[in-house]
Structures are given as structure tokens and as C-alpha cells.
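Asker: Got model-v1.cif for you, mmCIF, C-alpha atoms:
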```
data_final
loop_
_atom_site.label_atom_id
_atom_site.label_comp_id
_atom_site.auth_asym_id
_atom_site.auth_seq_id
_atom_site.Cartn_x
_atom_site.Cartn_y
_atom_site.Cartn_z
CA MET N 1243 -39.75 -69.66 73.29
CA ALA N 1244 -39.10 -73.41 73.00
CA LYS N 1245 -35.78 -74.62 74.34
CA GLN N 1246 -33.26 -75.16 71.55
CA ARG N 1247 -31.92 -78.68 71.23
CA PRO N 1248 -28.20 -79.12 70.59
CA VAL N 1249 -27.05 -80.25 67.16
CA THR N 1250 -23.67 -81.32 65.86
CA CYS N 1251 -21.94 -78.24 64.44
CA ARG N 1252 -20.73 -78.92 60.90
CA GLU N 1253 -17.65 -76.71 61.47
CA CYS N 1254 -16.22 -77.80 64.82
CA GLY N 1255 -18.03 -81.13 65.22
CA LYS N 1256 -19.19 -80.33 68.77
CA ARG N 1257 -22.71 -80.70 70.17
CA ARG N 1258 -23.95 -77.12 70.45
CA VAL N 1259 -27.08 -75.02 69.92
CA LYS N 1260 -27.60 -73.60 66.42
CA ALA N 1261 -26.39 -70.03 65.94
CA LEU N 1262 -28.83 -67.15 66.29
CA THR N 1263 -28.40 -65.12 63.08
CA THR N 1264 -29.41 -61.51 62.35
CA ASN N 1265 -30.49 -60.24 58.95
CA PRO N 1266 -28.10 -57.26 58.42
CA ILE N 1267 -30.68 -55.34 56.35
CA THR N 1268 -33.91 -55.86 58.33
CA GLY N 1269 -32.42 -56.62 61.76
CA LYS N 1270 -34.67 -59.68 62.19
CA GLN N 1271 -33.24 -62.64 64.10
CA ARG N 1272 -33.73 -66.35 63.55
CA ARG N 1273 -31.95 -69.62 64.15
CA SER N 1274 -29.48 -70.60 61.44
CA THR N 1275 -30.84 -72.86 58.73
CA ILE N 1276 -27.61 -74.89 58.82
CA ASN N 1277 -26.07 -76.87 61.65
CA ILE N 1278 -23.52 -74.31 62.86
CA CYS N 1279 -22.91 -73.07 66.41
CA GLN N 1280 -22.59 -69.43 67.49
CA ASP N 1281 -18.79 -69.53 67.85
CA CYS N 1282 -18.22 -70.94 64.36
CA HIS N 1283 -20.88 -68.70 62.83
CA SER N 1284 -19.14 -65.61 64.24
CA LYS N 1285 -15.87 -66.72 62.61
CA THR N 1286 -17.40 -67.40 59.18
CA ILE N 1287 -20.01 -64.59 59.03
CA ASP N 1288 -17.88 -62.51 56.62
CA TYR N 1289 -17.05 -65.51 54.40
CA LYS N 1290 -19.39 -64.39 51.60
CA PHE N 1291 -17.70 -60.99 51.40
CA PHE N 1292 -14.08 -62.17 51.37
CA SER N 1293 -14.65 -65.09 48.97
CA SER N 1294 -16.73 -63.09 46.46
CA SER N 1295 -15.28 -61.69 43.22
CA PHE N 1296 -15.20 -58.19 44.72
CA GLY N 1297 -13.62 -59.44 47.96
CA GLN N 1298 -10.81 -61.10 45.99
CA TRP N 1299 -10.28 -57.93 43.91
CA LEU N 1300 -10.29 -55.78 47.06
CA ARG N 1301 -7.61 -57.91 48.70
CA ARG N 1302 -5.28 -57.39 45.73
CA ALA N 1303 -6.12 -53.67 45.51
CA PHE N 1304 -5.57 -53.08 49.25
CA GLN N 1305 -2.14 -54.67 49.12
CA ARG N 1306 -1.02 -51.84 46.81
CA GLN N 1307 -2.44 -49.20 49.17
CA CYS N 1308 -1.98 -48.43 52.87
CA THR N 1309 -4.27 -47.99 55.90
CA ASN N 1310 -4.51 -44.21 55.27
CA SER N 1311 -5.58 -44.48 51.61
CA ILE N 1312 -8.37 -47.07 51.73
CA PRO N 1313 -12.09 -46.27 52.33
CA LYS N 1314 -12.63 -44.95 55.87
CA ASN N 1315 -16.03 -46.48 56.52
CA THR N 1316 -18.84 -48.66 55.18
CA ASN N 1317 -20.36 -45.84 53.09
CA GLU N 1318 -17.09 -45.15 51.26
CA LEU N 1319 -16.58 -48.87 50.62
CA ARG N 1320 -20.18 -49.13 49.34
CA ASP N 1321 -19.41 -46.38 46.80
CA LEU N 1322 -16.31 -48.31 45.73
CA ILE N 1323 -18.37 -51.49 45.23
CA TYR N 1324 -20.80 -49.57 43.01
CA LEU N 1325 -17.89 -48.25 40.92
CA TRP N 1326 -16.37 -51.73 40.65
CA LYS N 1327 -19.70 -53.08 39.39
CA PHE N 1328 -19.96 -50.22 36.84
CA TYR N 1329 -16.41 -51.06 35.72
CA ARG N 1330 -17.25 -54.74 35.26
CA LYS N 1331 -20.36 -53.85 33.26
CA ALA N 1332 -18.39 -51.41 31.08
CA CYS N 1333 -15.76 -54.06 30.31
CA GLY N 1334 -18.29 -56.66 29.26
CA PHE N 1335 -17.14 -60.27 29.39
CA LYS N 1336 -17.50 -63.21 27.04
CA SER N 1337 -16.69 -66.87 27.48
CA ASP N 1338 -16.34 -69.68 24.96
CA GLY N 1339 -16.57 -72.26 27.75
CA GLU N 1340 -12.80 -72.34 28.31
CA VAL N 1341 -11.46 -68.76 28.37
CA VAL N 1342 -13.05 -65.51 29.60
CA THR N 1343 -12.09 -62.30 27.78
CA LYS N 1344 -13.07 -58.62 28.07
CA THR N 1345 -15.14 -56.96 25.38
CA TYR N 1346 -13.52 -53.60 26.26
CA ASP N 1347 -10.17 -53.34 28.05
CA TYR N 1348 -10.77 -50.89 30.91
CA GLN N 1349 -9.11 -50.40 34.27
CA LEU N 1350 -10.00 -48.46 37.40
CA CYS N 1351 -7.41 -45.69 37.07
CA HIS N 1352 -6.21 -43.46 39.92
CA ILE N 1353 -6.63 -39.72 39.32
CA ASP N 1354 -4.15 -38.73 42.00
CA PRO N 1355 -1.48 -41.40 41.32
CA LEU N 1356 -1.14 -44.47 43.52
CA LYS N 1357 2.51 -43.61 44.20
CA GLY N 1358 2.84 -39.85 44.33
CA GLU N 1359 5.73 -37.55 45.20
CA ASN N 1360 7.16 -37.19 48.74
CA GLY N 1361 5.63 -40.45 49.94
CA LEU N 1362 2.05 -39.54 49.02
CA VAL N 1363 -0.44 -42.29 48.17
CA GLY N 1364 -3.53 -41.80 45.97
CA LYS N 1365 -6.70 -42.91 47.74
CA LEU N 1366 -8.63 -46.00 46.66
CA ILE N 1367 -12.04 -44.31 46.76
CA SER N 1368 -14.66 -43.71 44.07
CA THR N 1369 -13.86 -39.98 43.71
CA ASN N 1370 -10.19 -40.72 42.98
CA LEU N 1371 -10.84 -43.49 40.46
CA MET N 1372 -12.01 -43.36 36.86
CA ILE N 1373 -13.04 -46.14 34.49
CA ALA N 1374 -10.66 -45.56 31.57
CA PRO N 1375 -8.92 -47.54 28.79
CA ALA N 1376 -6.17 -49.78 30.17
CA GLN N 1377 -3.66 -48.73 27.49
CA LEU N 1378 -3.88 -45.12 28.70
CA ASN N 1379 -3.43 -46.19 32.33
CA ARG N 1380 -0.27 -48.08 31.40
CA GLU N 1381 1.13 -45.16 29.41
CA LEU N 1382 0.50 -42.57 32.14
CA SER N 1383 1.73 -44.84 34.96
CA ASN N 1384 2.23 -42.57 38.01
CA LEU N 1385 2.04 -39.24 36.20
CA PRO N 1386 0.97 -36.70 38.90
CA PHE N 1387 -2.36 -34.92 38.44
CA PRO N 1388 -1.70 -31.30 37.39
CA TYR N 1389 -3.37 -29.68 40.42
CA ASN N 1390 -3.96 -30.58 44.04
CA ALA N 1391 -7.07 -32.75 43.87
CA GLN N 1392 -6.80 -33.50 47.62
CA GLN N 1393 -7.08 -37.20 46.89
CA SER N 1394 -3.65 -38.17 48.28
CA VAL N 1395 -2.47 -38.92 51.82
CA GLN N 1396 0.80 -39.66 53.56
CA LYS N 1397 1.73 -43.34 53.50
CA GLY N 1398 0.49 -45.37 56.47
CA GLU N 1399 0.70 -48.99 57.59
CA GLU N 1400 1.07 -51.56 54.83
CA ILE N 1401 -1.79 -53.97 54.14
CA THR N 1402 -0.86 -57.65 53.72
CA ASP N 1403 -2.63 -61.01 53.65
CA ASP N 1404 -2.05 -61.20 57.41
CA ASN N 1405 -3.88 -58.00 58.38
CA PHE N 1406 -6.27 -57.50 55.42
CA LYS N 1407 -9.28 -59.27 56.94
CA GLU N 1408 -8.86 -57.74 60.39
CA ILE N 1409 -8.65 -54.19 58.96
CA CYS N 1410 -11.83 -54.80 56.95
CA ARG N 1411 -13.68 -56.21 59.97
CA GLN N 1412 -12.75 -53.19 62.09
CA ARG N 1413 -13.76 -50.56 59.51
CA TYR N 1414 -16.71 -51.98 57.59
CA ASN N 1415 -20.03 -53.72 58.17
CA LEU N 1416 -19.16 -56.71 55.98
CA PRO N 1417 -22.35 -58.76 56.54
CA LEU N 1418 -24.46 -55.74 55.55
CA LEU N 1419 -22.48 -55.13 52.32
CA ALA N 1420 -22.55 -58.83 51.44
CA ALA N 1421 -26.34 -58.86 51.89
CA GLU N 1422 -26.95 -55.56 50.05
CA PHE N 1423 -24.92 -56.61 46.99
CA CYS N 1424 -25.96 -60.29 47.10
CA MET N 1425 -22.33 -61.39 47.21
CA ILE N 1426 -21.66 -65.10 46.73
CA PRO N 1427 -18.45 -67.13 47.03
CA GLN N 1428 -16.57 -67.75 43.81
CA LYS N 1429 -17.18 -71.27 42.54
CA LYS N 1430 -14.04 -73.31 42.07
CA ASN N 1431 -13.40 -76.24 39.74
CA LYS N 1432 -16.66 -75.68 37.89
CA ALA N 1433 -16.95 -75.69 34.10
CA LEU N 1434 -17.28 -72.24 32.57
CA PRO N 1435 -20.63 -71.45 30.95
CA VAL N 1436 -20.74 -69.85 27.50
CA PHE N 1437 -21.90 -66.24 27.75
CA GLU N 1438 -21.37 -62.75 26.33
CA SER N 1439 -22.12 -59.25 27.62
CA LEU N 1440 -21.86 -56.24 25.34
CA GLY N 1441 -20.02 -53.82 27.61
CA VAL N 1442 -19.99 -50.03 27.13
CA ASP N 1443 -18.04 -48.37 24.33
CA VAL N 1444 -15.21 -45.89 25.03
CA GLN N 1445 -17.04 -42.68 24.06
CA THR N 1446 -20.07 -43.51 26.22
CA THR N 1447 -17.84 -44.51 29.16
CA LEU N 1448 -16.02 -41.16 28.86
CA SER N 1449 -19.24 -39.15 29.16
CA LYS N 1450 -20.64 -41.35 31.94
CA GLU N 1451 -17.46 -41.05 34.00
CA LEU N 1452 -17.09 -37.29 33.59
CA LYS N 1453 -20.71 -36.90 34.69
CA ARG N 1454 -20.18 -39.21 37.68
CA LEU N 1455 -17.19 -37.13 38.76
CA GLY N 1456 -19.30 -33.99 38.81
CA PHE N 1457 -18.80 -32.43 35.36
CA PRO N 1458 -21.95 -31.16 33.54
CA VAL N 1459 -21.92 -33.61 30.62
CA ASP N 1460 -25.09 -33.96 28.56
CA HIS N 1461 -23.96 -35.57 25.31
CA ILE N 1462 -21.93 -38.43 23.79
CA ILE N 1463 -19.52 -38.32 20.83
CA GLU N 1464 -21.56 -39.71 17.93
CA GLU N 1465 -20.57 -41.15 14.57
CA SER N 1466 -22.04 -38.22 12.63
CA VAL N 1467 -19.73 -35.78 14.44
CA SER N 1468 -16.64 -37.95 14.21
CA HIS N 1469 -16.92 -38.20 10.41
CA LYS N 1470 -16.56 -34.43 10.19
CA HIS N 1471 -13.24 -34.65 12.03
CA ASN N 1472 -11.94 -37.76 10.22
CA LYS N 1473 -11.60 -39.64 13.51
CA THR N 1474 -13.49 -42.50 15.05
CA PRO N 1475 -15.53 -41.75 18.22
CA GLU N 1476 -13.18 -44.05 20.15
CA ALA N 1477 -10.05 -42.17 18.99
CA ILE N 1478 -11.59 -38.83 19.98
CA ALA N 1479 -12.61 -40.23 23.38
CA LEU N 1480 -9.06 -41.51 23.98
CA ASP N 1481 -7.67 -38.02 23.31
CA ILE N 1482 -10.11 -36.53 25.84
CA PHE N 1483 -9.28 -39.19 28.44
CA ASP N 1484 -5.61 -38.25 27.93
CA THR N 1485 -6.44 -34.57 28.45
CA PHE N 1486 -8.32 -35.38 31.65
CA PHE N 1487 -5.37 -37.18 33.25
CA LYS N 1488 -2.70 -34.75 32.03
CA VAL N 1489 -4.43 -31.40 32.37
CA GLY N 1490 -7.73 -31.81 34.21
CA GLY N 1491 -11.47 -32.29 33.90
CA THR N 1492 -12.38 -28.70 33.01
CA LEU N 1493 -10.32 -28.72 29.82
CA ALA N 1494 -11.43 -32.29 29.04
CA LEU N 1495 -15.06 -31.16 29.26
CA SER N 1496 -14.35 -28.19 27.00
CA GLN N 1497 -12.72 -30.55 24.49
CA LEU N 1498 -15.70 -32.90 24.66
CA ASN N 1499 -18.10 -30.02 23.98
CA ASN N 1500 -16.31 -29.37 20.67
CA TYR N 1501 -17.74 -32.69 19.45
CA ARG N 1502 -21.38 -31.95 20.18
CA GLU N 1503 -23.94 -32.77 17.45
CA SER N 1504 -25.23 -29.39 16.19
CA ASN N 1505 -28.36 -30.81 14.58
CA ASP N 1506 -30.53 -32.60 17.15
CA GLU N 1507 -32.35 -34.52 14.42
CA ASP N 1508 -29.11 -36.22 13.33
CA GLY N 1509 -28.21 -37.62 16.75
CA LEU N 1510 -29.70 -39.41 19.71
CA SER N 1511 -32.64 -37.83 21.50
CA LYS N 1512 -32.00 -35.98 24.75
CA GLU N 1513 -34.01 -38.58 26.64
CA SER N 1514 -31.91 -41.44 25.19
CA ILE N 1515 -28.66 -39.68 26.07
CA LYS N 1516 -29.87 -38.99 29.60
CA LYS N 1517 -30.58 -42.69 30.14
CA LEU N 1518 -27.20 -43.68 28.69
CA LEU N 1519 -25.33 -41.30 31.00
CA GLU N 1520 -27.04 -42.43 34.21
CA TYR N 1521 -25.56 -45.10 36.46
CA ASP N 1522 -27.99 -47.42 38.26
CA TYR N 1523 -27.43 -47.16 42.02
CA THR N 1524 -30.23 -49.55 42.95
CA LEU N 1525 -28.93 -52.17 45.36
CA PRO N 1526 -29.04 -55.76 44.02
CA SER N 1527 -30.88 -56.81 47.20
CA GLU N 1528 -33.59 -54.24 46.46
CA LYS N 1529 -33.91 -55.45 42.86
CA LEU N 1530 -34.25 -59.00 44.15
CA ARG N 1531 -36.93 -57.94 46.65
CA VAL N 1532 -38.95 -56.14 43.94
CA SER N 1533 -38.59 -59.12 41.62
CA ARG N 1534 -39.91 -61.49 44.29
CA GLU N 1535 -42.87 -59.23 45.01
CA LYS N 1536 -43.76 -59.06 41.30
CA ARG N 1537 -43.53 -62.84 41.07
CA LYS N 1538 -45.83 -63.27 44.07
CA GLN N 1539 -48.30 -60.81 42.60
CA LYS N 1540 -48.26 -62.64 39.27
CA ASP N 1541 -48.83 -65.99 41.01
CA TYR N 1542 -51.73 -64.46 42.95
CA TRP N 1543 -53.54 -63.27 39.79
CA GLU N 1544 -52.93 -66.64 38.13
CA ASP N 1545 -54.38 -68.42 41.16
CA ILE N 1546 -57.63 -66.44 40.98
CA GLY N 1547 -57.98 -67.02 37.23
CA PHE N 1548 -56.64 -63.86 35.58
#
```
Taking this structure as input, can you express it in the form of C-alpha cells?
Answerer:
Amino acid sequence: MAKQRPVTCRECGKRRVKALTTNPITGKQRRSTINICQDCHSKTIDYKFFSSSFGQWLRRAFQRQCTNSIPKNTNELRDLIYLWKFYRKACGFKSDGEVVTKTYDYQLCHIDPLKGENGLVGKLISTNLMIAPAQLNRELSNLPFPYNAQQSVQKGEEITDDNFKEICRQRYNLPLLAAEFCMIPQKKNKALPVFESLGVDVQTTLSKELKRLGFPVDHIIEESVSHKHNKTPEAIALDIFDTFFKVGGTLALSQLNNYRESNDEDGLSKESIKKLLEYDYTLPSEKLRVSREKRKQKDYWEDIGF
């Protein structure tokens, strides 16, 4: 291998050899494409994770938790990232170029409460969180779950701005997660674009979340059923969300089944409902890889005249 010539590191300003970087997904190594030395690269390698939208949200969320109640390892944190992405998609966001607002007002709600009895703390993991309407989360506050869901732990060390990054570095493979989810730093002082995403309505979110948490849901509250009960689908879904948090998922599922469309011809097809209820767990990095391959294939056929 050719001897590497020193360059001026853009971080520390010293004459050093470029950092040898490793792709966290493939394991392949190469010299950094930017003028940064190994020491400075090691310090900034998790920059993408911490400065991303999720990283900023995680910092705020961790400061309400403790070391015992946060994800134990990279796999548990990966599941939490998926749920956070599902939550953002369910909310839907729109911007007029100046202000960003939610299409639907959801929150990631604890099932076992964040602050439980006798010093217990509800875990910040995907199995103890549910995407639910924010108004319900505010009303229930720290209402204990009616049975022992085993999603609470005794309070441990507090997490602050001072120890947040070090705790994350010790527990999780941050470069891998940043690469898998294509995390990018939040852009500051840049004009907002105008955009709008539809989000996911309350009744569909209810069915999707119950299914994700392990309940055998196979339908969504439809308009045709709600008319028979003189309630909107959203109002019915709110009642069932309330039942879930106050009494439990089994009764909530039973309540949901009371609003099943009896005539299949009047409602959505089974195939359509199945697609609506499924969450997409494909990693963004994998989607990007497939997209690049399709583009290359398209360019190839164009080059040979097809």
C-alpha cells in the first residue's frame, strides 16, 4: 500500500495522516474523503447520530428516564428508532414556509407510566410505548396500568446533558445506527421548505398499534360502521384507546371487534386492510441501496438502446 502523505486536519489544524474509516454496515475500510485525522475522527464519529432529529429527541427523552429504564443495547434502541419513525409518519407534518404543524396530534405514550408507584420508572422501549392521541396522554398523565405489565424498573442513575453521550457510546453502536437509518445533522438557519404529509388517521393508528403490540387485529373502524352507532370513527377510536390505557389490551380488542363491518362488500378488502395494518421495517439504508441498483440498471438499458 502506498505511504499516506500528511494533510492538514480541518478539526485540529495539525499535519497528520487522514483517518482510516470503516463502513459500519459492510465493514470495509478506506481513507476518509475529508481532511480529518484519526484522533479527531474518533471524537466526531457519532456526530451524525447526536445531531440528527432522532438524536435530539432521544436526548430530551432520556433526561426524563434513568439508566435502568432506557434501551439496554443496540437492538432495543433500533426498535425504538423504528417506532419513532412510525410516530412521525402517523403525525404527518405540513409547512407553509414559516411554521411547521402536525396533521394529527400524537405522542409516544408510556403504557407502564413514566413515574410509577414506589419509585418505579416505566421503560423507554418500543414494547412499553404506544402511538396515541396527545390529548389522551395528557388526561391520563401517570395513571398506573391496571396489571403488572413488567415494563417498569427501580429508578437508577439520572441522565443529564453531561453523561448522555457517554452512556449512549457505552451501550449502543451509534455509527451503525446512523448508517442504517441514514441519519443526517439537523440544518440550522435554513429557510423552511413548503411541504405536507398526510399522516395516519386515529382509527387506523389504533389498529396498527394494537397489532404491533401483539393483539390479533385484522380490521379498522370504517365510516359505514360508525354511522350505525352515531359516532365518528375517530371518537370510537379514542374510546378504545382510553380503554386500553385504563383497563388493558384484551378488553380494548374486544371493544374494537364490536365495530367490525359485517358485510365485506361494504368495507375495505382484506388485502387492503392487511397492507394498512403493516409497518414497514425495511431499513432506510437498504431502500437506498435498492434504489441505487435500480437506477444503475435503468442507466445500463438506456446505454444499450432500450
Asker: Within 8 Å of N:Asp1288, counting only C-alpha atoms, which residues show up once you throw out same-chain ones fewer than 4 positions away? Write them as a ChimeraX atom specification, please.
Answerer: /N:1292,1416-1417,1420
Asker: May I ask which of the residues N:Cys1351, N:Ile1462, N:Leu1510, N:Ile1323 is the closest one to N:Phe1291, counting all atoms listed in the file?
Answerer: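 Selected residue with least distance to N:Phe1291: N:Ile1323.
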Asker: List as a tab-separated table every residue of stretch 1394-1506 of chain N that is in contact with stretch 1352-1367 of chain N, defined as an atom at most 6 Å from one of its atoms (using all atoms listed in the file), together with the nearest atom pair and the distance in Å rounded to one decimal, sorted by chain and then rising number.
Answerer:
```
residue	atom	partner	partner_atom	distance
N:Ser1394	CA	N:Gly1364	CA	4.3
N:Val1395	CA	N:Leu1362	CA	5.4
N:Gln1396	CA	N:Leu1362	CA	4.7
N:Lys1397	CA	N:Val1363	CA	5.8
```
Asker: Between N:Leu1455, N:Ala1421, N:Cys1251, N:Ile1478, which residue has the minimum interatomic distance to N:Thr1369, considering all atoms listed in the file?
Answerer: N:Leu1455
Asker: Provide the atom CA of N:Lys1516 to atom CA of N:Ala1374 distance in Å, to one decimal place.
Answerer: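 Straight-line distance from atom CA of N:Lys1516 to atom CA of N:Ala1374 works out to 20.4 Å.
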Asker: Can you tell me which residues surround stretch 1281-1286 of chain N at a distance of at most 8 Å, considering only C-alpha atoms, apart from same-chain residues fewer than 6 positions away, and format the answer as a list in words?
Answerer: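 Residues meeting the cut-off are Glu1253, Cys1254 and Ala1261 of chain N.
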Asker: Now that the selection is made, can you save its residues with C-alpha atoms as a CSV table (one decimal), in the coordinates of the input?
Answerer:
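Written out: result-v5.csv:
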```
chain,number,residue,atom,x,y,z
N,1253,GLU,CA,-17.6,-76.7,61.5
N,1254,CYS,CA,-16.2,-77.8,64.8
N,1261,ALA,CA,-26.4,-70.0,65.9
```
Asker: How would you write, as JSON, numbers by chain, the residues chosen by the PyMOL selection byres ((chain N and resi 1345) around 7) on this structure?
Answerer: {"N": [1333, 1334, 1335, 1336, 1343, 1344, 1346, 1347, 1440, 1441]}
Asker: With distances taken over only C-alpha atoms, which residue among N:Ser1311, N:Ser1274, N:Thr1474, N:Gln1280 lies nearest N:Ser1368?
Answerer: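 Using only C-alpha atoms, the shortest distance to N:Ser1368 belongs to N:Ser1311.
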Asker: Please write as a list in words the full residue list that the PyMOL selection byres ((chain N and resi 1500) around 12) yields on this file.
Answerer: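 In the shown coordinates, the PyMOL selection byres ((chain N and resi 1500) around 12) covers His1461, Ile1462, Ile1463, Glu1464, Val1467, Ser1468, Lys1470, His1471, Ile1478, Ala1479, Ile1482, Leu1493, Ala1494, Leu1495, Ser1496, Gln1497, Leu1498, Asn1499, Tyr1501, Arg1502, Glu1503 and Ser1504 of chain N.
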Asker: In Å to one decimal, how far is atom CA of N:Leu1448 from atom CA of N:Phe1486?
Answerer: 10.0 Å
